[in-house]
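S.K.: Quick one: the structure is below, and I'll ask about it shortly.
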Amino acid sequence: MKNSLILHGTSCNPNSFWQPSIKKFLESNGYEVKVPALPDTDVPDLNKWLPVALDFDFNKETIIIGHSAGTPTTLSVLENIDTPIHKAILVAAYSKKKGDNDNSLILQEKYNWGKIKKNVEDLIIINSSDDPWGCNTEEGLEIFNHLGGTLIIRDGEGHMGSDSFKQPYTQFPLLEKLLEVKYSRSSIDGSDKK
(Lines give C-alpha, C1' and ligand atoms only; values in the text may rest on other atoms or scores of the structure.)
Protein backbone atom coordinates (compact mmCIF):
# COMPACT_ATOMS: atom_id res chain seq x y z
CA MET A 1 0.00 0.00 0.00
CA LYS A 2 1.41 3.37 -1.03
CA ASN A 3 1.31 5.68 1.96
CA SER A 4 3.09 8.75 3.26
CA LEU A 5 3.72 10.39 6.60
CA ILE A 6 4.43 14.13 6.72
CA LEU A 7 5.91 15.53 9.95
CA HIS A 8 5.73 19.29 10.51
CA GLY A 9 8.20 21.39 12.49
CA THR A 10 8.29 23.61 15.55
CA SER A 11 5.28 25.91 16.11
CA CYS A 12 3.58 24.40 13.05
CA ASN A 13 0.58 22.21 12.28
CA PRO A 14 -0.64 20.03 9.39
CA ASN A 15 -1.74 23.13 7.46
CA SER A 16 1.59 24.94 7.65
CA PHE A 17 3.50 25.98 4.55
CA TRP A 18 3.76 23.35 1.77
CA GLN A 19 2.33 20.42 3.75
CA PRO A 20 -1.25 20.78 2.36
CA SER A 21 -0.11 21.06 -1.27
CA ILE A 22 2.28 18.09 -0.94
CA LYS A 23 -0.47 16.05 0.75
CA LYS A 24 -2.77 16.81 -2.18
CA PHE A 25 0.01 16.01 -4.67
CA LEU A 26 0.69 12.63 -3.06
CA GLU A 27 -3.02 11.78 -2.84
CA SER A 28 -3.39 12.57 -6.55
CA ASN A 29 -0.65 10.00 -7.14
CA GLY A 30 -2.44 7.25 -5.23
CA TYR A 31 -0.93 7.68 -1.77
CA GLU A 32 -2.79 7.50 1.49
CA VAL A 33 -1.35 10.46 3.42
CA LYS A 34 -1.23 11.16 7.15
CA VAL A 35 -0.15 14.57 8.48
CA PRO A 36 -0.54 14.31 12.26
CA ALA A 37 -0.84 17.34 14.53
CA LEU A 38 2.17 16.82 16.77
CA PRO A 39 1.74 17.91 20.41
CA ASP A 40 3.25 20.94 22.19
CA THR A 41 4.71 22.31 18.99
CA ASP A 42 6.42 25.33 20.55
CA VAL A 43 8.76 23.01 22.46
CA PRO A 44 9.02 19.78 20.44
CA ASP A 45 9.78 16.78 22.63
CA LEU A 46 10.77 13.45 21.09
CA ASN A 47 9.08 11.59 23.95
CA LYS A 48 5.77 13.14 22.85
CA TRP A 49 6.31 13.31 19.08
CA LEU A 50 7.77 9.86 18.41
CA PRO A 51 4.76 7.81 19.64
CA VAL A 52 2.48 9.86 17.37
CA ALA A 53 4.82 9.41 14.39
CA LEU A 54 5.19 5.66 15.00
CA ASP A 55 1.40 5.18 14.95
CA PHE A 56 1.53 4.43 11.23
CA ASP A 57 1.48 1.41 8.92
CA PHE A 58 5.05 1.47 7.58
CA ASN A 59 5.77 -0.69 4.54
CA LYS A 60 8.16 -0.97 1.59
CA GLU A 61 6.23 1.73 -0.32
CA THR A 62 6.09 4.29 2.53
CA ILE A 63 7.43 7.81 2.09
CA ILE A 64 8.23 9.97 5.14
CA ILE A 65 8.74 13.72 4.75
CA GLY A 66 9.97 15.76 7.70
CA HIS A 67 10.42 19.53 7.94
CA SER A 68 12.70 21.19 10.50
CA ALA A 69 12.00 19.54 13.90
CA GLY A 70 10.22 16.87 11.88
CA THR A 71 13.62 15.80 10.51
CA PRO A 72 15.19 14.51 13.75
CA THR A 73 11.80 12.93 14.44
CA THR A 74 12.06 11.18 11.06
CA LEU A 75 15.54 9.92 11.94
CA SER A 76 14.15 8.52 15.20
CA VAL A 77 11.27 6.86 13.34
CA LEU A 78 13.73 5.19 10.96
CA GLU A 79 15.73 3.95 13.92
CA ASN A 80 12.64 2.48 15.62
CA ILE A 81 10.78 0.71 12.81
CA ASP A 82 11.21 -2.92 11.81
CA THR A 83 10.19 -2.56 8.16
CA PRO A 84 12.43 -0.77 5.64
CA ILE A 85 10.59 2.01 3.79
CA HIS A 86 10.91 3.36 0.26
CA LYS A 87 11.86 7.00 0.79
CA ALA A 88 12.57 9.64 3.44
CA ILE A 89 12.95 13.32 2.60
CA LEU A 90 14.43 15.63 5.23
CA VAL A 91 13.70 19.33 4.58
CA ALA A 92 15.71 21.91 6.59
CA ALA A 93 17.40 18.91 8.16
CA TYR A 94 19.42 18.75 11.35
CA SER A 95 20.45 16.12 13.88
CA LYS A 96 22.35 17.95 16.60
CA LYS A 97 21.95 20.93 18.92
CA LYS A 98 22.77 24.13 17.09
CA GLY A 99 23.51 26.44 20.04
CA ASP A 100 23.16 26.96 23.78
CA ASN A 101 19.56 28.20 23.47
CA ASP A 102 18.49 25.46 21.06
CA ASN A 103 15.79 23.02 22.19
CA SER A 104 17.43 19.61 22.39
CA LEU A 105 14.34 17.68 23.57
CA ILE A 106 13.58 16.64 19.98
CA LEU A 107 17.05 15.16 19.50
CA GLN A 108 18.42 11.80 20.49
CA GLU A 109 21.70 11.88 22.38
CA LYS A 110 23.10 9.66 19.63
CA TYR A 111 21.67 7.94 16.58
CA ASN A 112 22.10 4.39 15.31
CA TRP A 113 23.11 5.55 11.85
CA GLY A 114 23.56 1.97 10.58
CA LYS A 115 19.98 1.00 11.48
CA ILE A 116 18.59 4.23 10.06
CA LYS A 117 20.42 3.66 6.76
CA LYS A 118 19.22 0.06 6.60
CA ASN A 119 15.58 1.14 7.07
CA VAL A 120 15.32 3.55 4.11
CA GLU A 121 15.94 2.72 0.48
CA ASP A 122 16.15 6.31 -0.79
CA LEU A 123 17.16 9.19 1.49
CA ILE A 124 17.06 12.81 0.31
CA ILE A 125 18.35 15.69 2.44
CA ILE A 126 17.44 19.27 1.49
CA ASN A 127 19.04 22.27 3.18
CA SER A 128 19.50 25.92 2.30
CA SER A 129 22.71 27.94 2.49
CA ASP A 130 20.98 30.75 4.42
CA ASP A 131 18.65 28.94 6.82
CA PRO A 132 17.93 31.47 9.62
CA TRP A 133 17.53 28.71 12.23
CA GLY A 134 20.89 27.08 11.46
CA CYS A 135 19.43 24.10 9.58
CA ASN A 136 21.93 24.89 6.86
CA THR A 137 24.49 23.30 4.54
CA GLU A 138 26.66 22.06 7.42
CA GLU A 139 23.70 20.34 9.10
CA GLY A 140 22.70 18.60 5.87
CA LEU A 141 26.29 17.52 5.27
CA GLU A 142 26.51 16.11 8.81
CA ILE A 143 23.57 13.78 8.12
CA PHE A 144 24.82 12.96 4.63
CA ASN A 145 28.23 11.96 6.03
CA HIS A 146 26.50 9.42 8.28
CA LEU A 147 23.86 8.10 5.88
CA GLY A 148 24.76 8.93 2.31
CA GLY A 149 21.77 9.35 0.05
CA THR A 150 21.24 12.54 -1.92
CA LEU A 151 22.14 15.94 -0.48
CA ILE A 152 20.54 18.97 -2.11
CA ILE A 153 21.74 22.42 -1.12
CA ARG A 154 19.45 25.26 -2.16
CA ASP A 155 20.84 28.77 -2.37
CA GLY A 156 18.81 31.50 -0.67
CA GLU A 157 15.76 29.36 0.20
CA GLY A 158 15.84 30.09 3.95
CA HIS A 159 13.97 27.58 6.09
CA MET A 160 11.67 26.53 3.23
CA GLY A 161 8.74 27.74 5.31
CA SER A 162 8.82 30.19 8.24
CA ASP A 163 6.25 32.56 9.72
CA SER A 164 8.90 34.51 11.66
CA PHE A 165 10.88 35.23 8.51
CA LYS A 166 7.79 35.85 6.35
CA GLN A 167 8.46 32.88 4.08
CA PRO A 168 5.03 31.42 3.24
CA TYR A 169 6.40 28.63 0.97
CA THR A 170 2.94 27.31 0.17
CA GLN A 171 4.20 25.41 -2.91
CA PHE A 172 7.32 23.24 -3.13
CA PRO A 173 7.93 22.32 -6.81
CA LEU A 174 11.31 20.69 -6.07
CA LEU A 175 9.72 18.34 -3.57
CA GLU A 176 7.03 17.39 -6.09
CA LYS A 177 9.73 16.56 -8.65
CA LEU A 178 11.61 14.44 -6.10
CA LEU A 179 8.42 12.56 -5.28
CA GLU A 180 7.92 11.77 -8.98
CA VAL A 181 11.33 10.08 -9.24
CA LYS A 182 10.95 6.33 -9.10
CA TYR A 183 14.12 4.31 -8.76
CA SER A 184 15.72 1.88 -6.37
CA ARG A 185 19.22 1.20 -5.13
CA SER A 186 19.36 -1.91 -7.28
CA SER A 187 18.56 0.02 -10.45
CA ILE A 188 21.25 2.59 -9.63
CA ASP A 189 24.08 0.25 -8.70
CA GLY A 190 23.25 -2.20 -11.49
CA SER A 191 22.48 -5.16 -9.23
CA ASP A 192 19.19 -5.68 -11.05
CA LYS A 193 20.95 -6.34 -14.37
CA LYS A 194 20.76 -9.86 -15.73
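By convention in this document, the chains of the C-alpha coordinates carry letters A, B, ... by their order, each chain's residues are numbered from 1, and ligands are numbered from 1 in the order they are shown.
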For the contact check between region 42-82 of chain A and region 157-170 of chain A, emit one row per residue of region 42-82 of chain A within 12 Å, containing the shortest atom pair and the distance in Å rounded to one decimal, counting only C-alpha atoms, chain then rising number order, as a tab-separated table.
M.R.:
residue	atom	partner	partner_atom	distance
A:Gly66	CA	A:Met160	CA	11.8
A:His67	CA	A:Met160	CA	8.5
A:Ser68	CA	A:His159	CA	7.9
A:Ala69	CA	A:His159	CA	11.4
S.K.: Would you pick out the contacts of Thr137 (chain A) at 12 Å or less, using only C-alpha atoms, so that residues sharing its chain but fewer than 5 positions from it are not included, and give the list as a PyMOL selection string?
M.R.: chain A and resi 91-94+125-132+142-144+151-159
S.K.: Dump N, CA and C atoms for the selected residues as a PDB file, in the first residue's frame?
M.R.:
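Okay, selection_13.pdb is ready:
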ATOM      1  N   VAL A  91      13.681  17.944   5.058  1.00  0.00           N
ATOM      2  CA  VAL A  91      13.698  19.334   4.581  1.00  0.00           C
ATOM      3  C   VAL A  91      14.111  20.244   5.737  1.00  0.00           C
ATOM      4  N   ALA A  92      15.124  21.092   5.521  1.00  0.00           N
ATOM      5  CA  ALA A  92      15.714  21.914   6.590  1.00  0.00           C
ATOM      6  C   ALA A  92      16.173  20.976   7.706  1.00  0.00           C
ATOM      7  N   ALA A  93      17.004  20.030   7.297  1.00  0.00           N
ATOM      8  CA  ALA A  93      17.396  18.913   8.161  1.00  0.00           C
ATOM      9  C   ALA A  93      18.468  19.294   9.178  1.00  0.00           C
ATOM     10  N   TYR A  94      18.368  18.659  10.339  1.00  0.00           N
ATOM     11  CA  TYR A  94      19.420  18.750  11.350  1.00  0.00           C
ATOM     12  C   TYR A  94      19.318  17.564  12.292  1.00  0.00           C
ATOM     13  N   ILE A 125      18.163  14.639   1.441  1.00  0.00           N
ATOM     14  CA  ILE A 125      18.351  15.690   2.443  1.00  0.00           C
ATOM     15  C   ILE A 125      18.360  17.024   1.708  1.00  0.00           C
ATOM     16  N   ILE A 126      17.516  17.957   2.139  1.00  0.00           N
ATOM     17  CA  ILE A 126      17.438  19.272   1.486  1.00  0.00           C
ATOM     18  C   ILE A 126      17.703  20.355   2.525  1.00  0.00           C
ATOM     19  N   ASN A 127      18.730  21.134   2.301  1.00  0.00           N
ATOM     20  CA  ASN A 127      19.043  22.265   3.176  1.00  0.00           C
ATOM     21  C   ASN A 127      19.282  23.504   2.333  1.00  0.00           C
ATOM     22  N   SER A 128      19.232  24.661   2.980  1.00  0.00           N
ATOM     23  CA  SER A 128      19.505  25.924   2.301  1.00  0.00           C
ATOM     24  C   SER A 128      20.740  26.575   2.904  1.00  0.00           C
ATOM     25  N   SER A 129      21.475  27.278   2.062  1.00  0.00           N
ATOM     26  CA  SER A 129      22.711  27.941   2.495  1.00  0.00           C
ATOM     27  C   SER A 129      22.453  29.036   3.529  1.00  0.00           C
ATOM     28  N   ASP A 130      21.243  29.599   3.550  1.00  0.00           N
ATOM     29  CA  ASP A 130      20.977  30.750   4.424  1.00  0.00           C
ATOM     30  C   ASP A 130      19.841  30.491   5.419  1.00  0.00           C
ATOM     31  N   ASP A 131      19.717  29.254   5.875  1.00  0.00           N
ATOM     32  CA  ASP A 131      18.647  28.943   6.820  1.00  0.00           C
ATOM     33  C   ASP A 131      18.807  29.777   8.094  1.00  0.00           C
ATOM     34  N   PRO A 132      17.791  30.575   8.457  1.00  0.00           N
ATOM     35  CA  PRO A 132      17.927  31.465   9.615  1.00  0.00           C
ATOM     36  C   PRO A 132      17.955  30.734  10.953  1.00  0.00           C
ATOM     37  N   GLU A 142      26.309  16.980   7.638  1.00  0.00           N
ATOM     38  CA  GLU A 142      26.505  16.112   8.807  1.00  0.00           C
ATOM     39  C   GLU A 142      25.693  14.818   8.668  1.00  0.00           C
ATOM     40  N   ILE A 143      24.425  14.955   8.292  1.00  0.00           N
ATOM     41  CA  ILE A 143      23.570  13.776   8.122  1.00  0.00           C
ATOM     42  C   ILE A 143      24.036  12.950   6.922  1.00  0.00           C
ATOM     43  N   PHE A 144      24.347  13.634   5.833  1.00  0.00           N
ATOM     44  CA  PHE A 144      24.822  12.956   4.626  1.00  0.00           C
ATOM     45  C   PHE A 144      26.085  12.141   4.911  1.00  0.00           C
ATOM     46  N   LEU A 151      22.133  14.660  -1.187  1.00  0.00           N
ATOM     47  CA  LEU A 151      22.136  15.940  -0.476  1.00  0.00           C
ATOM     48  C   LEU A 151      21.902  17.052  -1.482  1.00  0.00           C
ATOM     49  N   ILE A 152      20.868  17.844  -1.245  1.00  0.00           N
ATOM     50  CA  ILE A 152      20.541  18.970  -2.112  1.00  0.00           C
ATOM     51  C   ILE A 152      20.695  20.243  -1.298  1.00  0.00           C
ATOM     52  N   ILE A 153      21.555  21.127  -1.774  1.00  0.00           N
ATOM     53  CA  ILE A 153      21.742  22.421  -1.123  1.00  0.00           C
ATOM     54  C   ILE A 153      21.108  23.487  -2.004  1.00  0.00           C
ATOM     55  N   ARG A 154      20.117  24.172  -1.456  1.00  0.00           N
ATOM     56  CA  ARG A 154      19.452  25.264  -2.160  1.00  0.00           C
ATOM     57  C   ARG A 154      20.111  26.572  -1.750  1.00  0.00           C
ATOM     58  N   ASP A 155      20.233  27.478  -2.676  1.00  0.00           N
ATOM     59  CA  ASP A 155      20.836  28.772  -2.375  1.00  0.00           C
ATOM     60  C   ASP A 155      19.736  29.800  -2.145  1.00  0.00           C
ATOM     61  N   GLY A 156      19.742  30.418  -0.961  1.00  0.00           N
ATOM     62  CA  GLY A 156      18.809  31.499  -0.674  1.00  0.00           C
ATOM     63  C   GLY A 156      17.373  31.081  -0.447  1.00  0.00           C
ATOM     64  N   GLU A 157      17.132  29.837  -0.017  1.00  0.00           N
ATOM     65  CA  GLU A 157      15.764  29.361   0.204  1.00  0.00           C
ATOM     66  C   GLU A 157      15.349  29.411   1.673  1.00  0.00           C
ATOM     67  N   GLY A 158      16.210  29.936   2.541  1.00  0.00           N
ATOM     68  CA  GLY A 158      15.842  30.092   3.945  1.00  0.00           C
ATOM     69  C   GLY A 158      15.504  28.768   4.608  1.00  0.00           C
ATOM     70  N   HIS A 159      14.386  28.757   5.339  1.00  0.00           N
ATOM     71  CA  HIS A 159      13.973  27.576   6.087  1.00  0.00           C
ATOM     72  C   HIS A 159      12.946  26.748   5.310  1.00  0.00           C
TER      73      HIS A 159
END
S.K.: Could you list, as a list in words, every residue within 8 Å of Tyr31 (chain A), counting only C-alpha atoms and ignoring same-chain residues fewer than 2 positions away?
M.R.: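 Contacts, in chain order: Met1, Lys2, Asn3, Ser4, Leu26, Glu27, Ser28, Asn29 and Val33 of chain A.
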S.K.: Counting only C-alpha atoms, which residue out of A:Asn119, A:Lys96, A:Gln19, A:Ser76 sits closest to Thr62 (chain A)?
M.R.: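 Using only C-alpha atoms, Thr62 (chain A) sits closest to A:Asn119.
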S.K.: Would you return as a VMD selection string the members of region 67-114 of chain A that DSSP assigns to helix (DSSP H, G or I) on this structure's backbone?
M.R.: chain A and resid 70 to 80 113 to 114
S.K.: Using N, CA and C atoms, can you export the residues from the last selection as an mmCIF file, in the first residue's frame?
M.R.:
data_model
loop_
_atom_site.group_PDB
_atom_site.id
_atom_site.type_symbol
_atom_site.label_atom_id
_atom_site.label_comp_id
_atom_site.auth_asym_id
_atom_site.auth_seq_id
_atom_site.Cartn_x
_atom_site.Cartn_y
_atom_site.Cartn_z
ATOM 1 N N GLY A 70 10.700 18.144 12.399
ATOM 2 C CA GLY A 70 10.216 16.871 11.883
ATOM 3 C C GLY A 70 11.330 16.004 11.318
ATOM 4 N N THR A 71 12.531 16.598 11.066
ATOM 5 C CA THR A 71 13.624 15.798 10.508
ATOM 6 C C THR A 71 14.311 14.928 11.567
ATOM 7 N N PRO A 72 14.665 15.442 12.763
ATOM 8 C CA PRO A 72 15.195 14.509 13.753
ATOM 9 C C PRO A 72 14.141 13.491 14.194
ATOM 10 N N THR A 73 12.870 13.879 14.143
ATOM 11 C CA THR A 73 11.799 12.926 14.436
ATOM 12 C C THR A 73 11.800 11.807 13.397
ATOM 13 N N THR A 74 11.986 12.176 12.131
ATOM 14 C CA THR A 74 12.057 11.180 11.062
ATOM 15 C C THR A 74 13.231 10.230 11.283
ATOM 16 N N LEU A 75 14.385 10.775 11.668
ATOM 17 C CA LEU A 75 15.542 9.915 11.943
ATOM 18 C C LEU A 75 15.216 8.922 13.056
ATOM 19 N N SER A 76 14.526 9.393 14.085
ATOM 20 C CA SER A 76 14.149 8.515 15.200
ATOM 21 C C SER A 76 13.146 7.460 14.762
ATOM 22 N N VAL A 77 12.217 7.837 13.892
ATOM 23 C CA VAL A 77 11.269 6.863 13.344
ATOM 24 C C VAL A 77 12.037 5.767 12.612
ATOM 25 N N LEU A 78 12.962 6.169 11.744
ATOM 26 C CA LEU A 78 13.727 5.193 10.960
ATOM 27 C C LEU A 78 14.553 4.273 11.854
ATOM 28 N N GLU A 79 14.970 4.777 12.992
ATOM 29 C CA GLU A 79 15.727 3.949 13.919
ATOM 30 C C GLU A 79 14.826 2.972 14.671
ATOM 31 N N ASN A 80 13.546 3.272 14.775
ATOM 32 C CA ASN A 80 12.641 2.482 15.618
ATOM 33 C C ASN A 80 11.666 1.581 14.873
ATOM 34 N N TRP A 113 23.089 5.194 13.261
ATOM 35 C CA TRP A 113 23.111 5.548 11.846
ATOM 36 C C TRP A 113 23.004 4.312 10.954
ATOM 37 N N GLY A 114 23.624 3.204 11.377
ATOM 38 C CA GLY A 114 23.557 1.972 10.585
ATOM 39 C C GLY A 114 22.136 1.458 10.439
#
S.K.: Could you tell me which of A:Leu179, A:Leu147, A:Leu174, A:Ile106 comes closest to Asp42 (chain A) if we count only C-alpha atoms?
M.R.: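 Ranking A:Leu179, A:Leu147, A:Leu174, A:Ile106 by distance to Asp42 (chain A), first place goes to A:Ile106.
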S.K.: Which residues in region 82-130 of chain A does DSSP call strand (DSSP E or B)? List them as a list in words.
M.R.: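 Selection result, strand (DSSP E or B) within region 82-130 of chain A: Ile85, His86, Lys87, Ala88, Ile89, Leu90, Val91, Val120, Glu121, Asp122, Leu123, Ile124, Ile125, Ile126, Asn127 and Ser128 of chain A.
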S.K.: Pick the closest to Glu121 (chain A) from A:Ser95, A:Asn145, A:Asn59, A:Gln171: which is it, counting only C-alpha atoms?
M.R.: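 Closest candidate: A:Asn59.
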S.K.: Using only C-alpha atoms, which of the listed residues (A:Asp45, A:Glu61, A:Phe172, A:Pro51) sits closest to Thr83 (chain A)?
M.R.: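 Counting only C-alpha atoms, the residue closest to Thr83 (chain A) is A:Glu61.
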